[in-house]
$ cat input11.cif   # mmCIF, C-alpha atoms
data_final
loop_
_atom_site.label_atom_id
_atom_site.label_comp_id
_atom_site.auth_asym_id
_atom_site.auth_seq_id
_atom_site.Cartn_x
_atom_site.Cartn_y
_atom_site.Cartn_z
CA MET A 1 -50.19 -148.25 65.95
CA LEU A 2 -48.24 -150.48 63.67
CA ALA A 3 -44.53 -150.12 64.29
CA LEU A 4 -42.65 -151.72 61.43
CA ARG A 5 -38.97 -152.16 61.99
CA SER A 6 -36.38 -151.66 59.35
CA VAL A 7 -34.53 -154.83 58.38
CA GLY A 8 -31.19 -153.01 58.26
CA THR A 9 -28.55 -154.13 60.77
CA ASN A 10 -26.62 -150.89 61.10
CA ASN A 11 -29.43 -148.73 62.40
CA VAL A 12 -28.36 -146.34 65.06
CA SER A 13 -31.40 -146.02 67.26
CA THR A 14 -34.92 -147.28 67.63
CA SER A 15 -36.40 -143.88 66.90
CA GLU A 16 -34.81 -143.84 63.47
CA THR A 17 -35.86 -147.34 62.50
CA ASP A 18 -39.42 -147.12 63.75
CA VAL A 19 -41.25 -146.23 60.55
CA GLY A 20 -44.87 -146.61 61.65
CA LEU A 21 -46.88 -143.62 60.47
CA ASP A 22 -47.33 -141.96 63.84
CA LEU A 23 -47.29 -138.35 65.00
CA ARG A 24 -43.51 -138.14 64.91
CA ALA A 25 -43.36 -139.44 61.33
CA ALA A 26 -46.21 -137.19 60.27
CA GLN A 27 -44.44 -134.15 61.73
CA ALA A 28 -41.24 -135.11 59.91
CA LEU A 29 -43.16 -135.36 56.61
CA VAL A 30 -44.82 -132.00 57.13
CA GLU A 31 -41.44 -130.47 57.96
CA ALA A 32 -39.87 -131.96 54.81
CA ALA A 33 -42.68 -130.45 52.76
CA ARG A 34 -42.31 -127.09 54.50
CA VAL A 35 -38.56 -127.03 53.85
CA GLU A 36 -39.21 -127.81 50.18
CA VAL A 37 -41.63 -124.89 49.95
CA GLY A 38 -38.97 -122.56 51.41
CA SER A 39 -39.94 -119.00 50.69
CA GLY A 40 -42.34 -120.04 47.91
CA ALA A 41 -46.12 -119.87 48.01
CA PRO A 42 -47.49 -120.33 51.54
CA LEU A 43 -49.32 -123.66 51.78
CA ALA A 44 -51.23 -125.88 54.18
CA MET A 45 -50.10 -129.50 54.56
CA ASP A 46 -51.76 -132.48 56.12
CA VAL A 47 -50.98 -136.09 56.92
CA VAL A 48 -53.66 -138.70 57.66
CA ASP A 49 -53.37 -142.23 59.01
CA ARG A 50 -54.61 -145.37 57.23
CA HIS A 51 -58.17 -144.66 58.36
CA GLY A 52 -58.19 -141.09 57.07
CA HIS A 53 -57.86 -139.41 60.45
CA THR A 54 -55.61 -136.38 60.69
CA LEU A 55 -52.20 -136.93 62.31
CA ALA A 56 -50.69 -133.55 61.48
CA PHE A 57 -51.91 -130.35 59.91
CA VAL A 58 -49.90 -127.20 59.36
CA ARG A 59 -50.99 -123.93 57.78
CA MET A 60 -48.12 -121.60 56.99
CA ASP A 61 -48.38 -117.89 57.72
CA GLU A 62 -50.26 -116.14 54.92
CA ALA A 63 -51.59 -119.39 53.44
CA MET A 64 -55.12 -118.91 52.14
CA LEU A 65 -57.78 -119.70 54.73
CA ALA A 66 -59.60 -121.94 52.24
CA ALA A 67 -56.62 -124.29 52.50
CA SER A 68 -57.35 -124.88 56.17
CA HIS A 69 -60.65 -126.55 55.31
CA THR A 70 -59.48 -128.83 52.53
CA VAL A 71 -58.52 -132.45 52.95
CA PRO A 72 -56.20 -133.40 50.08
CA ALA A 73 -54.45 -136.16 52.05
CA ARG A 74 -57.74 -137.85 52.90
CA THR A 75 -58.71 -137.61 49.25
CA ALA A 76 -55.55 -139.49 48.21
CA LEU A 77 -56.18 -142.11 50.88
CA TYR A 78 -59.82 -142.61 49.87
CA LEU A 79 -58.91 -142.88 46.19
CA ALA A 80 -55.92 -145.11 47.07
CA ASP A 81 -54.16 -143.12 44.36
CA PRO A 82 -52.38 -139.79 43.90
CA THR A 83 -54.89 -136.98 43.42
CA THR A 84 -53.35 -135.38 40.32
CA PRO A 85 -55.01 -137.80 37.83
CA PHE A 86 -58.32 -137.25 39.68
CA VAL A 87 -57.91 -133.48 39.22
CA HIS A 88 -57.25 -133.95 35.51
CA ARG A 89 -60.38 -136.12 35.20
CA ALA A 90 -62.41 -133.44 36.96
CA ALA A 91 -61.71 -131.04 34.10
CA GLY A 92 -63.46 -133.39 31.66
CA GLU A 93 -66.19 -134.77 33.92
CA PRO A 94 -66.95 -131.92 36.34
CA VAL A 95 -70.46 -132.93 37.41
CA GLU A 96 -69.52 -136.58 37.98
CA LEU A 97 -66.46 -135.69 40.05
CA LEU A 98 -68.40 -133.10 42.02
CA SER A 99 -70.94 -135.76 42.96
CA VAL A 100 -68.17 -138.07 44.19
CA CYS A 101 -66.54 -135.25 46.17
CA ARG A 102 -69.83 -134.49 47.84
CA ALA A 103 -70.62 -138.13 48.63
CA ALA A 104 -67.19 -138.95 50.07
CA GLY A 105 -66.13 -135.51 51.35
CA LEU A 106 -63.20 -135.23 48.95
CA VAL A 107 -61.53 -132.19 47.44
CA VAL A 108 -60.23 -131.54 43.93
CA SER A 109 -56.64 -130.69 44.85
CA ALA A 110 -53.55 -131.89 43.02
CA GLY A 111 -50.46 -133.52 44.45
CA ALA A 112 -51.68 -135.53 47.44
CA ILE A 113 -50.10 -138.98 47.64
CA PRO A 114 -50.91 -142.21 49.50
CA LEU A 115 -48.08 -143.49 51.72
CA SER A 116 -47.34 -147.21 51.65
CA ASP A 117 -45.38 -149.54 53.85
CA ALA A 118 -44.88 -153.31 53.74
CA THR A 119 -48.48 -153.89 54.81
CA GLY A 120 -50.11 -151.64 52.20
CA ILE A 121 -51.41 -148.09 52.44
CA ALA A 122 -50.34 -146.55 55.74
CA GLY A 123 -51.82 -143.09 55.21
CA ALA A 124 -51.40 -140.10 52.92
CA VAL A 125 -49.81 -136.67 52.64
CA GLY A 126 -51.35 -133.66 50.89
CA THR A 127 -50.87 -129.97 50.35
CA SER A 128 -53.12 -127.13 49.29
CA GLY A 129 -53.07 -123.39 48.88
CA GLY A 130 -50.66 -123.11 45.97
CA ARG A 131 -50.79 -123.73 42.28
CA ALA A 132 -51.03 -127.40 41.29
CA ALA A 133 -47.29 -127.63 40.59
CA GLU A 134 -46.43 -126.06 43.96
CA ASP A 135 -48.79 -128.39 45.82
CA GLU A 136 -47.38 -131.39 43.95
CA ARG A 137 -43.78 -130.44 44.70
CA ALA A 138 -44.43 -129.99 48.42
CA SER A 139 -46.43 -133.23 48.75
CA GLU A 140 -43.76 -135.15 46.85
CA ALA A 141 -41.16 -133.86 49.32
CA GLY A 142 -43.28 -135.27 52.14
CA ALA A 143 -43.81 -138.56 50.31
CA SER A 144 -40.11 -139.02 49.56
CA ALA A 145 -39.30 -138.33 53.20
CA TRP A 146 -41.72 -141.19 53.99
CA ARG A 147 -40.11 -143.52 51.46
CA ARG A 148 -36.71 -142.82 53.02
CA ARG A 149 -38.13 -143.65 56.45
CA VAL A 150 -39.58 -146.93 55.20
CA ALA A 151 -36.30 -147.79 53.52
CA GLY A 152 -34.54 -147.13 56.82
CA ARG A 153 -32.34 -144.36 55.47
CA MET B 1 -97.92 -156.10 47.71
CA ALA B 2 -94.78 -156.23 49.77
CA SER B 3 -91.55 -156.08 47.80
CA LEU B 4 -89.52 -159.21 47.27
CA LEU B 5 -86.48 -157.15 48.08
CA GLY B 6 -85.48 -157.62 51.70
CA LEU B 7 -82.36 -158.33 53.68
CA ASP B 8 -82.21 -161.98 52.56
CA LEU B 9 -82.40 -161.40 48.82
CA ALA B 10 -80.25 -158.26 49.00
CA THR B 11 -77.56 -160.24 50.83
CA ARG B 12 -77.59 -162.97 48.17
CA MET B 13 -77.32 -160.35 45.42
CA VAL B 14 -74.42 -158.52 47.04
CA LYS B 15 -72.59 -161.78 47.76
CA ALA B 16 -72.96 -162.88 44.14
CA SER B 17 -71.58 -159.52 42.99
CA ILE B 18 -68.67 -159.75 45.42
CA GLU B 19 -67.83 -163.21 44.06
CA GLU B 20 -67.78 -161.70 40.58
CA ALA B 21 -65.42 -158.95 41.75
CA ILE B 22 -63.15 -161.59 43.31
CA ARG B 23 -63.19 -163.44 39.99
CA LEU B 24 -62.16 -160.20 38.25
CA GLY B 25 -59.46 -159.62 40.86
CA VAL B 26 -60.74 -156.13 41.76
CA ALA B 27 -61.43 -154.96 45.32
CA MET B 28 -64.80 -153.23 45.36
CA THR B 29 -67.81 -152.19 47.42
CA VAL B 30 -71.29 -153.41 46.46
CA ALA B 31 -74.54 -151.92 47.78
CA VAL B 32 -78.25 -152.67 47.50
CA CYS B 33 -80.86 -150.17 48.66
CA ASP B 34 -84.67 -150.27 48.86
CA ALA B 35 -87.25 -148.29 46.88
CA GLY B 36 -86.69 -145.29 49.15
CA GLY B 37 -82.98 -145.27 48.45
CA HIS B 38 -82.15 -146.51 51.94
CA ASP B 39 -79.31 -149.04 52.31
CA LEU B 40 -80.24 -152.68 52.80
CA VAL B 41 -76.79 -154.27 52.42
CA VAL B 42 -73.36 -152.77 51.86
CA MET B 43 -70.25 -154.94 51.61
CA ARG B 44 -66.71 -153.60 51.31
CA MET B 45 -64.01 -156.03 50.22
CA ASP B 46 -60.63 -155.98 51.93
CA GLU B 47 -58.42 -153.47 50.11
CA ALA B 48 -61.33 -151.73 48.37
CA PRO B 49 -60.56 -148.01 48.05
CA LEU B 50 -62.34 -146.19 50.89
CA VAL B 51 -64.05 -143.84 48.46
CA SER B 52 -66.03 -146.81 47.13
CA LEU B 53 -67.68 -147.19 50.54
CA SER B 54 -69.24 -143.75 50.02
CA THR B 55 -69.92 -144.00 46.31
CA ALA B 56 -71.46 -147.49 45.99
CA PRO B 57 -74.41 -146.81 48.33
CA ALA B 58 -74.88 -143.34 46.83
CA LYS B 59 -74.81 -144.82 43.34
CA ALA B 60 -77.49 -147.41 44.20
CA ARG B 61 -79.59 -144.57 45.62
CA THR B 62 -79.01 -142.53 42.46
CA ALA B 63 -80.37 -145.40 40.34
CA VAL B 64 -83.52 -145.35 42.49
CA TYR B 65 -83.87 -141.55 42.61
CA PHE B 66 -83.74 -141.20 38.82
CA ARG B 67 -85.44 -144.56 38.11
CA ARG B 68 -82.87 -145.54 35.50
CA PRO B 69 -79.34 -146.94 35.20
CA THR B 70 -76.81 -144.42 36.47
CA GLY B 71 -74.94 -144.56 33.15
CA THR B 72 -78.03 -143.03 31.51
CA THR B 73 -78.13 -140.34 34.18
CA VAL B 74 -74.46 -139.56 33.56
CA ALA B 75 -75.18 -139.13 29.84
CA ARG B 76 -78.05 -136.76 30.59
CA SER B 77 -75.94 -134.79 33.08
CA ARG B 78 -73.46 -134.09 30.29
CA VAL B 79 -76.25 -132.53 28.23
CA HIS B 80 -77.65 -130.57 31.20
CA PRO B 81 -74.69 -130.03 33.56
CA THR B 82 -76.21 -127.12 35.48
CA VAL B 83 -79.44 -128.98 36.15
CA TYR B 84 -77.63 -132.07 37.42
CA THR B 85 -75.15 -130.04 39.44
CA SER B 86 -78.16 -128.52 41.21
CA PHE B 87 -79.58 -132.02 41.86
CA VAL B 88 -76.27 -133.18 43.32
CA MET B 89 -75.83 -130.07 45.46
CA SER B 90 -79.40 -129.72 46.72
CA SER B 91 -80.14 -133.36 47.54
CA PRO B 92 -80.21 -133.89 51.32
CA VAL B 93 -78.40 -137.20 50.79
CA PRO B 94 -75.43 -137.79 48.46
CA LEU B 95 -76.09 -138.78 44.85
CA VAL B 96 -73.28 -140.04 42.63
CA LEU B 97 -73.18 -139.62 38.86
CA SER B 98 -71.17 -142.67 37.84
CA SER B 99 -72.13 -145.66 35.75
CA GLY B 100 -72.63 -149.11 37.28
CA GLY B 101 -75.83 -148.55 39.28
CA TYR B 102 -79.17 -150.10 38.27
CA PRO B 103 -82.77 -149.83 39.44
CA LEU B 104 -84.50 -153.07 40.45
CA TRP B 105 -87.97 -153.58 38.96
CA GLU B 106 -90.70 -156.00 39.97
CA GLY B 107 -94.42 -156.66 39.47
CA ASP B 108 -96.26 -158.20 36.51
CA GLY B 109 -95.24 -155.38 34.20
CA ALA B 110 -91.78 -155.09 35.78
CA ASP B 111 -92.77 -151.48 36.39
CA GLU B 112 -92.69 -151.26 40.17
CA LEU B 113 -89.48 -149.86 41.57
CA ALA B 114 -88.12 -152.16 44.29
CA GLY B 115 -84.69 -150.68 44.90
CA GLY B 116 -81.25 -150.35 43.38
CA ILE B 117 -77.88 -152.07 43.17
CA ALA B 118 -74.46 -150.54 42.52
CA SER B 119 -70.78 -151.37 42.66
CA ALA B 120 -67.78 -149.07 42.96
CA GLY B 121 -64.01 -149.36 43.07
CA GLY B 122 -63.35 -150.70 39.58
CA THR B 123 -63.41 -149.22 36.11
CA ALA B 124 -66.81 -148.31 34.64
CA ALA B 125 -66.90 -151.67 32.84
CA GLN B 126 -65.92 -153.64 35.97
CA ASP B 127 -68.50 -151.81 38.09
CA ALA B 128 -71.16 -152.69 35.50
CA VAL B 129 -70.21 -156.38 35.26
CA VAL B 130 -70.16 -156.77 39.04
CA SER B 131 -73.51 -155.01 39.52
CA CYS B 132 -75.10 -157.08 36.76
CA ARG B 133 -74.22 -160.32 38.55
CA GLY B 134 -76.33 -159.19 41.51
CA LEU B 135 -78.98 -157.93 39.10
CA GLN B 136 -79.13 -161.42 37.60
CA ILE B 137 -79.92 -162.88 41.05
CA TRP B 138 -82.68 -160.29 41.39
CA GLU B 139 -84.17 -161.19 38.03
CA GLU B 140 -84.09 -164.92 38.77
CA ALA B 141 -85.97 -164.22 42.02
CA SER B 142 -88.42 -161.65 40.67
CA GLY B 143 -88.88 -162.63 37.04
CA GLY B 144 -88.07 -159.02 36.29
CA ARG B 145 -86.83 -157.41 33.12
CA SER B 146 -83.52 -158.47 31.64
CA ALA B 147 -80.23 -156.81 32.44
CA PRO B 148 -79.57 -153.57 30.53
#

$ encode --input "input11.cif" --output "structure tokens"
Amino acid sequence: MLALRSVGTNNVSTSETDVGLDLRAAQALVEAARVEVGSGAPLAMDVVDRHGHTLAFVRMDEAMLAASHTVPARTALYLADPTTPFVHRAAGEPVELLSVCRAAGLVVSAGAIPLSDATGIAGAVGTSGGRAAEDERASEAGASAWRRRVAGR
Amino acid sequence: MASLLGLDLATRMVKASIEEAIRLGVAMTVAVCDAGGHDLVVMRMDEAPLVSLSTAPAKARTAVYFRRPTGTTVARSRVHPTVYTSFVMSSPVPLVLSSGGYPLWEGDGADELAGGIASAGGTAAQDAVVSCRGLQIWEEASGGRSAP
């Protein structure tokens, strides 16, 4: 696992400056997303590594069971792009996008975001089970937690 | 008669396409399959989006399965979405409805299907340009019909 170190000089401890996307980071991202959701719609959240393998998956109580079989984070990683534009395209080109989803095992779910570090794409975070805006808000909370980690804050 | 399309020619085609993608500055995957739709060569450039590794081979196969450029198949799928959705869902192997995949023809009448070539990871226009570079290699080797 890549363990990038923050360049800051006033870091307090190794654990806070180690921003490789590992289990600990993935859990922190999922927690940030869960806190953002608060008492809103129950969601499922996932974080994958740079190869698309799951690092963390959480399904909140009462989240729809369909959400436990979707892979929005992997979709963002495979597309190397946030999934919201992909979802918008799907509305206009449903058969084409369906064929891509089937070939690559992707899901049409808004809000998932690739996570980058100094070396490129390090993984992705995604959310499903809510309305598009709810999924987007929760995933963005996870992604901004990642950006803060990379920035060493 | 045995097809001209084998590992050697397929490799030259894919390499030529990859060089074209490098020239365009786009990270892509290029695939060539045989007349059965089975992969002969697949190359994924560094930094190519991972989805292209699934879609390029499936797109080459789609060109073979429908015996026409995938852009034509996309146009037909828009006229008959339910029919094409059923093709995509019921096929035992993935098919991809996206432009940039071409069938490879050979024989005196250029009417024998030899395989397919496709690229993925760029825009529709970039995928087409990159595939056509490999197609050009095929036509030089086979004396086949000109690029669409």

$ resolve_selection --input "input11.cif" --expression "the PyMOL selection byres ((chain B) within 10 of (chain A))" --output "PyMOL selection string"
chain B and resi 47-59+74+77-78+80-89+93-99+121

$ resolve_selection --input "input11.cif" --expression "the PyMOL selection byres ((chain B and resi 44) around 7)" --output "JSON, numbers by chain"
{"B": [28, 29, 30, 42, 43, 45, 46, 48, 53]}

$ atom_distance --input "input11.cif" --atom1 "atom CA of B:Asp111" --atom2 "atom CA of B:Leu4"
13.7 Å

$ closest_residue --input "input11.cif" --among "A:Ala112, A:Ala133, A:Leu55, A:Leu29" --to "A:Arg149" --atoms "all atoms listed in the file"
A:Leu29

$ resolve_selection --input "input11.cif" --expression "the PyMOL selection byres ((chain A and resi 54) around 10)" --output "mmCIF file with C-alpha atoms, in the frame of the given file"
data_model
loop_
_atom_site.group_PDB
_atom_site.id
_atom_site.type_symbol
_atom_site.label_atom_id
_atom_site.label_comp_id
_atom_site.auth_asym_id
_atom_site.auth_seq_id
_atom_site.Cartn_x
_atom_site.Cartn_y
_atom_site.Cartn_z
ATOM 1 C CA LEU A 23 -47.290 -138.350 65.000
ATOM 2 C CA ALA A 26 -46.210 -137.190 60.270
ATOM 3 C CA ASP A 46 -51.760 -132.480 56.120
ATOM 4 C CA VAL A 47 -50.980 -136.090 56.920
ATOM 5 C CA VAL A 48 -53.660 -138.700 57.660
ATOM 6 C CA ASP A 49 -53.370 -142.230 59.010
ATOM 7 C CA ARG A 50 -54.610 -145.370 57.230
ATOM 8 C CA HIS A 51 -58.170 -144.660 58.360
ATOM 9 C CA GLY A 52 -58.190 -141.090 57.070
ATOM 10 C CA HIS A 53 -57.860 -139.410 60.450
ATOM 11 C CA LEU A 55 -52.200 -136.930 62.310
ATOM 12 C CA ALA A 56 -50.690 -133.550 61.480
ATOM 13 C CA PHE A 57 -51.910 -130.350 59.910
ATOM 14 C CA VAL A 71 -58.520 -132.450 52.950
ATOM 15 C CA ALA A 73 -54.450 -136.160 52.050
ATOM 16 C CA ARG A 74 -57.740 -137.850 52.900
ATOM 17 C CA GLY A 123 -51.820 -143.090 55.210
ATOM 18 C CA ALA A 124 -51.400 -140.100 52.920
ATOM 19 C CA VAL A 125 -49.810 -136.670 52.640
#

$ atom_distance --input "input11.cif" --atom1 "atom CA of B:Arg67" --atom2 "atom CA of B:Pro103"
6.1 Å

$ atom_distance --input "input11.cif" --atom1 "atom CA of A:Ala91" --atom2 "atom CA of B:Thr123"
18.4 Å

$ residues_around --input "input11.cif" --residues "A:Ser128" --least-positions-apart "4" --cutoff "6 Å" --atoms "only C-alpha atoms" --output "list in words"
Leu43, Ala44, Ala67 and Asp135 of chain A

$ closest_residue --input "input11.cif" --among "A:Ser68, A:Glu31, A:Arg59, A:Trp146" --to "A:Asp117" --atoms "all atoms listed in the file"
A:Trp146

$ closest_residue --input "input11.cif" --among "A:Pro85, A:Pro114, A:Gly38, A:Gly152" --to "A:Arg137" --atoms "all atoms listed in the file"
A:Gly38

$ residues_near_point --input "input11.cif" --point "(-93.1, -154.6, 47.2)" --cutoff "9 Å" --atoms "all atoms listed in the file" --output "ChimeraX atom specification"
/B:1-5,35,106-107,112-114

$ residues_around --input "input11.cif" --residues "A:Gly130" --least-positions-apart "5" --cutoff "12 Å" --atoms "only C-alpha atoms" --output "PyMOL selection string"
chain A and resi 37+40-45+59-60+62-67+109-111+135-139

$ residues_near_point --input "input11.cif" --point "(-77.6, -148.1, 39.4)" --cutoff "6 Å" --atoms "only C-alpha atoms" --output "PyMOL selection string"
chain B and resi 59-60+63+69-70+100-103+116-118
